[in-house]
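Quick look at structure_5.cif (mmCIF, C-alpha atoms and all ligand atoms):
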data_start
loop_
_atom_site.label_atom_id
_atom_site.label_comp_id
_atom_site.auth_asym_id
_atom_site.auth_seq_id
_atom_site.Cartn_x
_atom_site.Cartn_y
_atom_site.Cartn_z
CA MET A 1 0.00 0.00 0.00
CA LEU A 2 1.16 3.50 -0.85
CA GLU A 3 -0.04 6.39 1.29
CA LEU A 4 0.31 10.14 0.99
CA LYS A 5 -0.81 11.76 4.22
CA GLY A 6 -1.39 15.46 4.92
CA ILE A 7 0.92 16.59 2.12
CA HIS A 8 1.70 20.30 1.84
CA LYS A 9 3.78 21.33 -1.15
CA TYR A 10 4.86 24.87 -1.95
CA TYR A 11 6.88 26.00 -4.94
CA ASN A 12 9.21 29.00 -4.55
CA PRO A 13 8.45 29.36 -0.83
CA GLY A 14 9.22 32.70 0.73
CA THR A 15 9.33 34.52 -2.62
CA VAL A 16 6.79 36.65 -4.50
CA ASN A 17 6.24 33.60 -6.72
CA GLU A 18 5.24 31.37 -3.80
CA MET A 19 2.58 28.91 -4.83
CA CYS A 20 0.81 26.36 -2.66
CA LEU A 21 0.07 23.34 -4.85
CA PHE A 22 -0.95 20.75 -2.25
CA ASP A 23 -2.72 21.79 0.93
CA ASP A 24 -3.36 18.71 3.09
CA PHE A 25 -3.34 16.32 0.11
CA GLY A 26 -4.05 12.66 0.83
CA LEU A 27 -4.19 9.47 -1.22
CA GLN A 28 -4.12 5.72 -0.53
CA ILE A 29 -3.30 3.21 -3.24
CA GLY A 30 -3.76 -0.47 -2.46
CA LYS A 31 -1.35 -3.23 -3.49
CA GLY A 32 -1.90 -4.27 -7.10
CA GLU A 33 -4.10 -1.30 -8.00
CA PHE A 34 -3.63 0.18 -11.47
CA VAL A 35 -4.63 3.83 -11.16
CA SER A 36 -5.16 6.06 -14.19
CA VAL A 37 -4.79 9.75 -13.37
CA VAL A 38 -6.25 12.47 -15.57
CA GLY A 39 -6.57 16.18 -14.91
CA SER A 40 -6.18 19.68 -16.20
CA ASN A 41 -2.76 21.15 -16.99
CA GLY A 42 -0.99 22.25 -13.84
CA SER A 43 -3.31 20.27 -11.56
CA GLY A 44 -0.31 18.62 -9.85
CA LYS A 45 -0.14 15.17 -11.48
CA THR A 46 3.60 15.18 -12.18
CA SER A 47 4.30 16.83 -8.82
CA MET A 48 2.42 13.98 -7.11
CA LEU A 49 4.56 11.42 -8.99
CA ASN A 50 7.71 13.37 -8.11
CA LEU A 51 6.75 13.32 -4.43
CA ILE A 52 6.19 9.55 -4.55
CA CYS A 53 9.50 8.93 -6.33
CA GLY A 54 11.42 11.32 -4.08
CA SER A 55 12.37 13.76 -6.86
CA ILE A 56 10.85 16.53 -4.71
CA SER A 57 10.04 16.73 -0.98
CA PRO A 58 6.89 17.95 0.74
CA GLU A 59 7.05 20.82 3.25
CA LYS A 60 4.72 18.85 5.52
CA GLY A 61 3.11 15.44 5.56
CA SER A 62 4.34 11.91 5.04
CA ILE A 63 4.67 9.25 2.36
CA LEU A 64 4.39 5.63 3.41
CA MET A 65 5.24 2.57 1.37
CA ASP A 66 3.84 -0.66 2.82
CA GLY A 67 3.58 1.07 6.19
CA LYS A 68 7.18 2.34 6.20
CA ASP A 69 7.70 6.10 6.28
CA ILE A 70 9.83 6.92 3.22
CA THR A 71 9.32 10.70 3.25
CA LYS A 72 13.01 11.31 3.87
CA GLU A 73 14.34 8.37 1.88
CA LYS A 74 16.55 9.37 -1.07
CA GLU A 75 15.26 9.01 -4.64
CA TYR A 76 17.90 6.43 -5.67
CA LYS A 77 16.89 4.19 -2.76
CA ARG A 78 13.18 4.42 -3.55
CA ASN A 79 13.99 3.64 -7.17
CA LEU A 80 15.00 0.13 -6.18
CA ARG A 81 11.30 -0.57 -5.65
CA ILE A 82 9.90 1.87 -8.22
CA GLY A 83 10.12 1.79 -12.00
CA ARG A 84 9.36 5.04 -13.84
CA VAL A 85 8.71 5.78 -17.49
CA TYR A 86 8.62 9.40 -18.64
CA GLN A 87 6.86 11.16 -21.52
CA ASN A 88 10.16 11.69 -23.34
CA PRO A 89 11.50 8.34 -24.61
CA ALA A 90 15.03 9.78 -24.30
CA MET A 91 14.66 9.92 -20.48
CA GLY A 92 14.60 6.18 -19.86
CA THR A 93 17.47 5.07 -22.08
CA CYS A 94 21.06 6.11 -22.77
CA PRO A 95 21.48 7.11 -26.47
CA SER A 96 25.26 6.73 -26.67
CA MET A 97 25.16 3.14 -25.42
CA THR A 98 24.10 0.04 -27.36
CA ILE A 99 20.85 -1.85 -26.78
CA LEU A 100 22.84 -4.56 -25.00
CA GLU A 101 24.59 -2.03 -22.74
CA ASN A 102 21.29 -0.35 -21.90
CA MET A 103 19.70 -3.68 -21.00
CA ALA A 104 22.72 -4.62 -18.85
CA LEU A 105 22.60 -1.27 -17.09
CA ALA A 106 18.90 -1.66 -16.27
CA ASP A 107 19.39 -5.28 -15.21
CA ASN A 108 22.00 -4.19 -12.68
CA LYS A 109 20.11 -1.24 -11.23
CA GLY A 110 21.36 -0.55 -7.73
CA LYS A 111 24.39 -2.84 -8.04
CA MET A 112 28.03 -1.76 -8.17
CA TYR A 113 29.90 -2.06 -11.48
CA GLY A 114 26.61 -2.91 -13.18
CA LEU A 115 27.78 -2.96 -16.77
CA LEU A 116 30.57 -5.50 -16.33
CA ARG A 117 28.36 -7.93 -14.48
CA GLY A 118 25.59 -7.56 -17.00
CA THR A 119 27.37 -8.84 -20.05
CA ASN A 120 27.65 -12.55 -19.29
CA LYS A 121 26.26 -15.03 -21.84
CA ASN A 122 23.23 -16.18 -19.89
CA ARG A 123 22.07 -12.65 -19.35
CA ILE A 124 22.55 -11.78 -23.02
CA SER A 125 20.16 -14.55 -24.04
CA TYR A 126 17.73 -13.33 -21.37
CA TYR A 127 17.89 -9.78 -22.83
CA ARG A 128 17.34 -11.21 -26.31
CA GLU A 129 14.28 -13.10 -25.07
CA GLN A 130 12.88 -9.99 -23.35
CA LEU A 131 13.46 -7.79 -26.40
CA SER A 132 11.77 -10.30 -28.70
CA ARG A 133 8.54 -9.75 -26.69
CA LEU A 134 8.37 -6.29 -28.20
CA ASN A 135 8.04 -7.65 -31.74
CA LEU A 136 10.22 -4.80 -32.99
CA GLY A 137 13.22 -6.88 -34.08
CA LEU A 138 15.47 -5.23 -31.47
CA GLU A 139 16.81 -8.60 -30.35
CA ASP A 140 18.76 -8.75 -33.63
CA LYS A 141 20.24 -5.27 -33.17
CA MET A 142 21.87 -5.61 -29.76
CA SER A 143 25.03 -3.79 -30.83
CA VAL A 144 23.15 -0.82 -32.31
CA LYS A 145 23.30 2.46 -30.37
CA VAL A 146 19.95 3.32 -28.77
CA GLY A 147 20.22 6.91 -30.04
CA VAL A 148 19.39 5.79 -33.59
CA LEU A 149 16.14 4.05 -32.60
CA SER A 150 12.72 5.65 -33.15
CA GLY A 151 10.83 7.22 -30.23
CA GLY A 152 8.46 4.24 -30.07
CA GLN A 153 11.31 1.73 -30.06
CA ARG A 154 13.07 3.68 -27.32
CA GLN A 155 9.91 3.93 -25.23
CA ALA A 156 9.32 0.18 -25.56
CA MET A 157 12.88 -0.34 -24.34
CA ALA A 158 12.41 2.18 -21.51
CA LEU A 159 9.35 0.26 -20.34
CA LEU A 160 11.16 -3.05 -20.48
CA MET A 161 14.20 -1.59 -18.72
CA SER A 162 12.21 0.08 -15.93
CA THR A 163 10.48 -3.20 -15.09
CA MET A 164 13.44 -5.55 -15.42
CA THR A 165 14.50 -5.67 -11.77
CA PRO A 166 12.01 -6.88 -9.12
CA ILE A 167 10.07 -3.66 -8.48
CA ASP A 168 6.70 -3.29 -6.72
CA TYR A 169 5.56 0.06 -8.15
CA LEU A 170 5.37 1.38 -11.70
CA ILE A 171 5.03 5.10 -12.34
CA LEU A 172 4.02 6.17 -15.84
CA ASP A 173 4.11 9.89 -16.58
CA GLU A 174 2.29 10.42 -19.90
CA HIS A 175 4.44 7.63 -21.29
CA THR A 176 2.52 7.35 -24.58
CA ALA A 177 2.09 11.09 -25.22
CA ALA A 178 5.02 11.47 -27.63
CA LEU A 179 4.12 8.44 -29.74
CA ASP A 180 2.00 8.01 -32.87
CA PRO A 181 -1.42 6.40 -32.22
CA LYS A 182 -0.45 2.91 -33.38
CA THR A 183 2.80 2.83 -31.43
CA ALA A 184 1.02 4.31 -28.40
CA ASP A 185 -1.52 1.47 -28.54
CA LEU A 186 1.31 -1.06 -28.73
CA ILE A 187 3.09 0.45 -25.72
CA MET A 188 -0.19 0.53 -23.76
CA GLU A 189 -0.83 -3.14 -24.48
CA LEU A 190 2.71 -4.01 -23.43
CA THR A 191 2.30 -1.92 -20.26
CA ASP A 192 -0.87 -3.76 -19.34
CA GLN A 193 0.78 -7.14 -19.94
CA ILE A 194 3.79 -6.29 -17.75
CA VAL A 195 1.63 -4.80 -14.97
CA LYS A 196 -0.52 -7.95 -14.82
CA GLU A 197 2.39 -10.37 -15.16
CA LYS A 198 4.42 -8.73 -12.37
CA ASN A 199 1.40 -7.64 -10.31
CA LEU A 200 2.74 -4.09 -10.13
CA THR A 201 0.98 -1.33 -8.25
CA THR A 202 0.75 1.24 -11.02
CA ILE A 203 0.03 4.95 -11.35
CA MET A 204 -0.42 6.16 -14.91
CA VAL A 205 -0.81 9.86 -15.63
CA THR A 206 -2.34 10.37 -19.06
CA HIS A 207 -4.19 12.94 -21.13
CA ASN A 208 -5.54 10.12 -23.27
CA LEU A 209 -9.04 9.62 -21.88
CA ARG A 210 -9.55 6.39 -23.81
CA TYR A 211 -6.52 4.81 -22.13
CA ALA A 212 -7.63 6.18 -18.75
CA VAL A 213 -11.02 4.53 -19.16
CA GLU A 214 -9.89 1.28 -20.82
CA TYR A 215 -6.90 0.43 -18.65
CA GLY A 216 -6.52 -0.02 -14.92
CA ASN A 217 -9.00 -0.58 -12.12
CA ARG A 218 -9.17 2.90 -10.61
CA LEU A 219 -9.58 6.36 -12.11
CA LEU A 220 -8.58 9.64 -10.49
CA MET A 221 -9.16 13.15 -11.76
CA MET A 222 -7.05 15.97 -10.33
CA HIS A 223 -7.69 19.68 -10.40
CA GLN A 224 -5.79 22.50 -8.72
CA GLY A 225 -3.92 20.19 -6.37
CA LYS A 226 -6.99 18.18 -5.34
CA ILE A 227 -8.56 14.86 -6.25
CA VAL A 228 -11.97 15.75 -7.62
CA LEU A 229 -12.99 12.29 -8.83
CA ASP A 230 -12.07 8.82 -7.57
CA LYS A 231 -13.74 5.82 -9.19
CA LYS A 232 -12.83 2.24 -8.33
CA LYS A 233 -13.56 -1.16 -9.89
CA GLU A 234 -17.20 -1.47 -11.08
CA GLU A 235 -17.74 2.26 -10.74
CA LYS A 236 -14.78 2.86 -13.02
CA GLU A 237 -15.96 0.22 -15.47
CA ALA A 238 -19.25 2.07 -15.74
CA THR A 239 -17.46 5.37 -16.51
CA SER A 240 -17.31 6.48 -20.13
CA ILE A 241 -15.07 8.96 -21.92
CA ASP A 242 -18.13 11.25 -22.20
CA ASP A 243 -18.55 11.18 -18.40
CA ILE A 244 -14.96 12.35 -17.93
CA LEU A 245 -15.33 15.01 -20.61
CA THR A 246 -18.46 16.34 -18.89
CA MET A 247 -16.56 16.51 -15.61
CA PHE A 248 -13.68 18.36 -17.32
CA ASN A 249 -16.13 20.88 -18.75
CA GLU A 250 -17.74 21.45 -15.34
CA ILE A 251 -14.32 22.14 -13.84
CA SER A 252 -13.44 24.56 -16.66
CA ILE A 253 -16.70 26.48 -16.20
CA GLU A 254 -16.03 26.71 -12.44
CA CYS A 255 -12.61 28.20 -13.24
CA GLY A 256 -14.07 30.55 -15.81
CA ASN A 257 -12.03 29.04 -18.68
N1 LIG B 1 9.83 23.17 -10.13
C1 LIG B 1 8.77 23.97 -10.10
N2 LIG B 1 8.90 25.25 -9.72
C2 LIG B 1 7.83 26.07 -9.65
N3 LIG B 1 6.57 25.69 -9.96
C3 LIG B 1 6.39 24.42 -10.36
C4 LIG B 1 7.47 23.49 -10.46
N4 LIG B 1 6.97 22.30 -10.88
C5 LIG B 1 5.66 22.47 -11.03
N5 LIG B 1 5.29 23.73 -10.73
C6 LIG B 1 3.95 24.29 -10.78
O1 LIG B 1 3.07 23.41 -10.07
C7 LIG B 1 1.84 23.27 -10.76
C8 LIG B 1 1.59 21.81 -11.03
O2 LIG B 1 2.54 21.34 -11.99
P1 LIG B 1 2.60 19.82 -12.44
O3 LIG B 1 3.65 19.71 -13.47
O4 LIG B 1 2.67 18.96 -11.26
O5 LIG B 1 1.13 19.67 -13.12
P2 LIG B 1 0.57 18.58 -14.12
O6 LIG B 1 -0.81 18.27 -13.65
O7 LIG B 1 1.51 17.44 -14.25
O8 LIG B 1 0.49 19.41 -15.47
P3 LIG B 1 0.52 18.96 -17.03
O9 LIG B 1 -0.72 18.19 -17.29
O10 LIG B 1 0.52 20.28 -17.72
O11 LIG B 1 1.78 18.18 -17.25
C9 LIG B 1 1.94 24.13 -12.01
O12 LIG B 1 1.31 25.37 -11.76
C10 LIG B 1 3.42 24.32 -12.21
O13 LIG B 1 3.71 25.55 -12.81
#
Output the file's structure as structure tokens, nothing else.
Amino acid sequence: MLELKGIHKYYNPGTVNEMCLFDDFGLQIGKGEFVSVVGSNGSGKTSMLNLICGSISPEKGSILMDGKDITKEKEYKRNLRIGRVYQNPAMGTCPSMTILENMALADNKGKMYGLLRGTNKNRISYYREQLSRLNLGLEDKMSVKVGVLSGGQRQAMALLMSTMTPIDYLILDEHTAALDPKTADLIMELTDQIVKEKNLTTIMVTHNLRYAVEYGNRLLMMHQGKIVLDKKKEEKEATSIDDILTMFNEISIECGN
């Protein structure tokens, strides 16, 4: 279980640009939940993910992972249990390294001298097997530099790499947003497969309402640092894209946009 309790988050505190994003924000995510998060621009979705991953700290409040307070735990330590895929495919892979080197690096996350240990024969055939799941032919291009791959190919690799070590949580920050519709569908299918196979507790921020409705078992909508909609299981299944759009429109009218 992941818990955010009484979170207060300010940006630029003590300056004329001070902005309070979260004022007593709370959220509980149960083990194995796959939560889709939608919301207006600037509603705090990425900030929430950054707080969970430890990329930013709250001014007040606590973050608990399976009952343990991790509020002060460093990002690199949390990352041993969390996999994260970003919107930009370049974020999850290293362009100047080969596919093989990238896979070895991901495989050895958190270990010392990762690259050397990762290049033994058994592991290479494991990487080949994993890459072949993508159906992109990458298993036959292991010595090619990742920088020459397309965005979709890189994102598929980023997803594979972020879930290679035994993690419990998967954080997806608009991870299909930079991809063409067909490739985005492919990455979404792959995501769903991996989440189910590894029973990962997943938070997926997306502006794609179809994905938000079709995938996962819980749907959150955020607005101005608050959760304004939280639908679980059957209630989520009964929610349509039109329902979410209506809610978006109501929020916009309230804001005068
Ligand atoms: N490092 C920062 N410094 C100052 N303000 C920030 C910083 N990061 C985010 N903000 C502000 O916090 C608010 C929430 O931003 P955040 O990126 O979390 O929203 P979001 O819901 O992910 O938005 P989008 O859908 O546009 O990606 C915005 O008003 C943003 O300008």
Problem set entry | Test item: residues lying within 8 Å of ligand LIG 1 (chain B) with only C-alpha atoms and all ligand atoms, as a PyMOL selection string | chain A and resi 11-12+19+21+39-48+207+222-225
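For the residues A:Ala184, A:Leu190, A:Leu200, A:Ala177, ranking by smallest atom-to-atom distance to Gln87 in chain A using all atoms listed in the file places A:Ala177 first.
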Problem set entry | Sphere at (13.5, 10.7, -22.1), radius 12 Å, counting all atoms listed in the file: residues as number ranges by chain | A: 84-95, 146-147, 151-152, 154-159, 173-178
Which residues of range 111-178 of chain A come within 12 Å of range 33-38 of chain A, and what is each one's closest atom pair and distance in Å (one decimal), counting all atoms listed in the file, sorted by chain and residue number, as CSV?
residue,atom,partner,partner_atom,distance
A:Asp168,CA,A:Glu33,CA,11.1
A:Tyr169,CA,A:Glu33,CA,9.8
A:Leu170,CA,A:Phe34,CA,9.1
A:Ile171,CA,A:Val35,CA,9.8
A:Leu172,CA,A:Ser36,CA,9.3
A:Asp173,CA,A:Val37,CA,9.5
A:Glu174,CA,A:Val37,CA,9.7
Problem set entry | Distance in Å - CA of Leu64 in chain A versus CA of Thr206 in chain A | 23.9 Å
For this session: Name the closest residue to Ile82 in chain A among the candidates A:Leu219, A:Met1, A:Ile167, A:Ile56; distances are taken between atoms, counting all atoms listed in the file.
Result: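 Smallest separation from Ile82 in chain A among the options: A:Ile167.
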For this session: Just give me the gap between CA of Asp192 in chain A and CA of Gly83 in chain A in Å, one decimal is fine.
Result: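 It comes out at 14.3 Å.
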Problem set entry | Separation of CA of Ile194 in chain A from CA of Lys141 in chain A, in Å and rounded to one decimal |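 CA of Lys141 in chain A lies 22.6 Å from CA of Ile194 in chain A.
The nearest approach to Ser162 in chain A among the residues A:Asn108, A:Ser57, A:Ser143, A:Asn17, with all atoms listed in the file taken into account, belongs to A:Asn108.
The list of residues with at least one atom within 8 Å of range 237-245 of chain A, based on only C-alpha atoms and without residues fewer than 4 positions apart in the same chain, reads Leu209, Arg210, Val213, Asn217, Lys233 and Asn249 of chain A.
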Exercise. Nearest to Val228 in chain A: which of A:Gly61, A:Arg128, A:Ile251, A:Leu179 is it, counting only C-alpha atoms?
Worked result: A:Ile251
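For Met65 in chain A, the list of residues within 10 Å, based on all atoms listed in the file and with local chain neighbours fewer than 3 positions off taken out, reads Met1, Leu2, Glu3, Leu4, Ile29, Ile52, Lys68, Asp69, Ile70, Thr71, Arg78, Arg81 and Tyr169 of chain A.
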Written file, previous selection with C-alpha atoms, as a PDB file, in the frame of the given file:
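Final file, part37.pdb:
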ATOM      1  CA  MET A   1       0.000   0.000   0.000  1.00  0.00           C
ATOM      2  CA  LEU A   2       1.160   3.500  -0.850  1.00  0.00           C
ATOM      3  CA  GLU A   3      -0.040   6.390   1.290  1.00  0.00           C
ATOM      4  CA  LEU A   4       0.310  10.140   0.990  1.00  0.00           C
ATOM      5  CA  ILE A  29      -3.300   3.210  -3.240  1.00  0.00           C
ATOM      6  CA  ILE A  52       6.190   9.550  -4.550  1.00  0.00           C
ATOM      7  CA  LYS A  68       7.180   2.340   6.200  1.00  0.00           C
ATOM      8  CA  ASP A  69       7.700   6.100   6.280  1.00  0.00           C
ATOM      9  CA  ILE A  70       9.830   6.920   3.220  1.00  0.00           C
ATOM     10  CA  THR A  71       9.320  10.700   3.250  1.00  0.00           C
ATOM     11  CA  ARG A  78      13.180   4.420  -3.550  1.00  0.00           C
ATOM     12  CA  ARG A  81      11.300  -0.570  -5.650  1.00  0.00           C
ATOM     13  CA  TYR A 169       5.560   0.060  -8.150  1.00  0.00           C
TER      14      TYR A 169
END
For this session: Between A:Leu27, A:Lys145, A:Leu138, A:Thr163, single out the one closest to Asp230 in chain A, counting all atoms listed in the file.
Result: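 Using all atoms listed in the file, the shortest distance to Asp230 in chain A belongs to A:Leu27.
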For this session: Find the residues near Lys72 in chain A: any atom within 10 Å, counting all atoms listed in the file, skip ones fewer than 3 places away on the same chain, and give them as a VMD selection string.
Result: chain A and resid 54 57 to 58 62 to 63 69 75
Enclose all atoms of range 94-100 of chain A listed in the file in an axis-aligned box, grow every side by 3 Å, and hand back centre and edge lengths in Å to one decimal, as AutoDock Vina command-line options.
--center_x 23.1 --center_y 1.3 --center_z -25.1 --size_x 10.4 --size_y 17.7 --size_z 10.6
Exercise. Which is closest to Ile203 in chain A among A:Leu220, A:Leu186, A:Ile124, A:Leu131, if we use all atoms listed in the file?
Worked result: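 Result for the nearest residue to Ile203 in chain A: A:Leu220.
Contact shell of Lys60 in chain A at 12 Å (all atoms listed in the file; same-chain neighbours under 5 positions omitted): A:Leu4, A:Lys5, A:Gly6, A:Ile7, A:His8, A:Lys9, A:Tyr10, A:Cys20, A:Phe22, A:Asp23, A:Asp24, A:Phe25, A:Gly26, A:Leu51, A:Thr71, A:Lys72.
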Please write a file for range 17-37 of chain A, taken from the block I just shared, that holds N, CA and C atoms and is laid out as an mmCIF file, in the first residue's frame.
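Final output, saved to result_12.cif:
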data_model
loop_
_atom_site.group_PDB
_atom_site.id
_atom_site.type_symbol
_atom_site.label_atom_id
_atom_site.label_comp_id
_atom_site.auth_asym_id
_atom_site.auth_seq_id
_atom_site.Cartn_x
_atom_site.Cartn_y
_atom_site.Cartn_z
ATOM 1 N N ASN A 17 6.845 34.636 -5.863
ATOM 2 C CA ASN A 17 6.242 33.599 -6.718
ATOM 3 C C ASN A 17 5.755 32.385 -5.934
ATOM 4 N N GLU A 18 5.672 32.521 -4.603
ATOM 5 C CA GLU A 18 5.239 31.368 -3.796
ATOM 6 C C GLU A 18 3.889 30.849 -4.278
ATOM 7 N N MET A 19 3.824 29.521 -4.377
ATOM 8 C CA MET A 19 2.579 28.912 -4.834
ATOM 9 C C MET A 19 2.327 27.644 -4.022
ATOM 10 N N CYS A 20 1.155 27.562 -3.430
ATOM 11 C CA CYS A 20 0.810 26.357 -2.665
ATOM 12 C C CYS A 20 0.068 25.411 -3.594
ATOM 13 N N LEU A 21 0.712 24.298 -3.942
ATOM 14 C CA LEU A 21 0.065 23.339 -4.853
ATOM 15 C C LEU A 21 -0.790 22.352 -4.065
ATOM 16 N N PHE A 22 -0.197 21.714 -3.054
ATOM 17 C CA PHE A 22 -0.950 20.748 -2.253
ATOM 18 C C PHE A 22 -1.136 21.291 -0.839
ATOM 19 N N ASP A 23 -2.391 21.311 -0.406
ATOM 20 C CA ASP A 23 -2.716 21.792 0.933
ATOM 21 C C ASP A 23 -3.474 20.659 1.626
ATOM 22 N N ASP A 24 -2.769 19.859 2.409
ATOM 23 C CA ASP A 24 -3.357 18.706 3.089
ATOM 24 C C ASP A 24 -3.865 17.655 2.087
ATOM 25 N N PHE A 25 -3.004 17.308 1.148
ATOM 26 C CA PHE A 25 -3.345 16.315 0.107
ATOM 27 C C PHE A 25 -3.181 14.905 0.664
ATOM 28 N N GLY A 26 -4.140 14.054 0.365
ATOM 29 C CA GLY A 26 -4.047 12.660 0.826
ATOM 30 C C GLY A 26 -4.466 11.681 -0.252
ATOM 31 N N LEU A 27 -3.844 10.506 -0.240
ATOM 32 C CA LEU A 27 -4.193 9.472 -1.222
ATOM 33 C C LEU A 27 -3.709 8.122 -0.695
ATOM 34 N N GLN A 28 -4.524 7.099 -0.898
ATOM 35 C CA GLN A 28 -4.119 5.725 -0.532
ATOM 36 C C GLN A 28 -4.271 4.855 -1.758
ATOM 37 N N ILE A 29 -3.227 4.120 -2.094
ATOM 38 C CA ILE A 29 -3.301 3.214 -3.239
ATOM 39 C C ILE A 29 -2.973 1.808 -2.758
ATOM 40 N N GLY A 30 -3.920 0.900 -2.959
ATOM 41 C CA GLY A 30 -3.756 -0.468 -2.463
ATOM 42 C C GLY A 30 -2.813 -1.278 -3.332
ATOM 43 N N LYS A 31 -2.281 -2.355 -2.759
ATOM 44 C CA LYS A 31 -1.353 -3.226 -3.493
ATOM 45 C C LYS A 31 -2.052 -3.794 -4.734
ATOM 46 N N GLY A 32 -1.367 -3.702 -5.861
ATOM 47 C CA GLY A 32 -1.899 -4.266 -7.100
ATOM 48 C C GLY A 32 -2.885 -3.375 -7.835
ATOM 49 N N GLU A 33 -3.190 -2.203 -7.273
ATOM 50 C CA GLU A 33 -4.099 -1.301 -8.003
ATOM 51 C C GLU A 33 -3.386 -0.711 -9.215
ATOM 52 N N PHE A 34 -4.143 -0.487 -10.280
ATOM 53 C CA PHE A 34 -3.633 0.180 -11.475
ATOM 54 C C PHE A 34 -4.483 1.446 -11.620
ATOM 55 N N VAL A 35 -3.879 2.572 -11.234
ATOM 56 C CA VAL A 35 -4.626 3.826 -11.158
ATOM 57 C C VAL A 35 -4.308 4.719 -12.356
ATOM 58 N N SER A 36 -5.340 5.083 -13.111
ATOM 59 C CA SER A 36 -5.159 6.057 -14.186
ATOM 60 C C SER A 36 -5.453 7.435 -13.605
ATOM 61 N N VAL A 37 -4.587 8.398 -13.900
ATOM 62 C CA VAL A 37 -4.790 9.749 -13.366
ATOM 63 C C VAL A 37 -4.923 10.729 -14.518
#
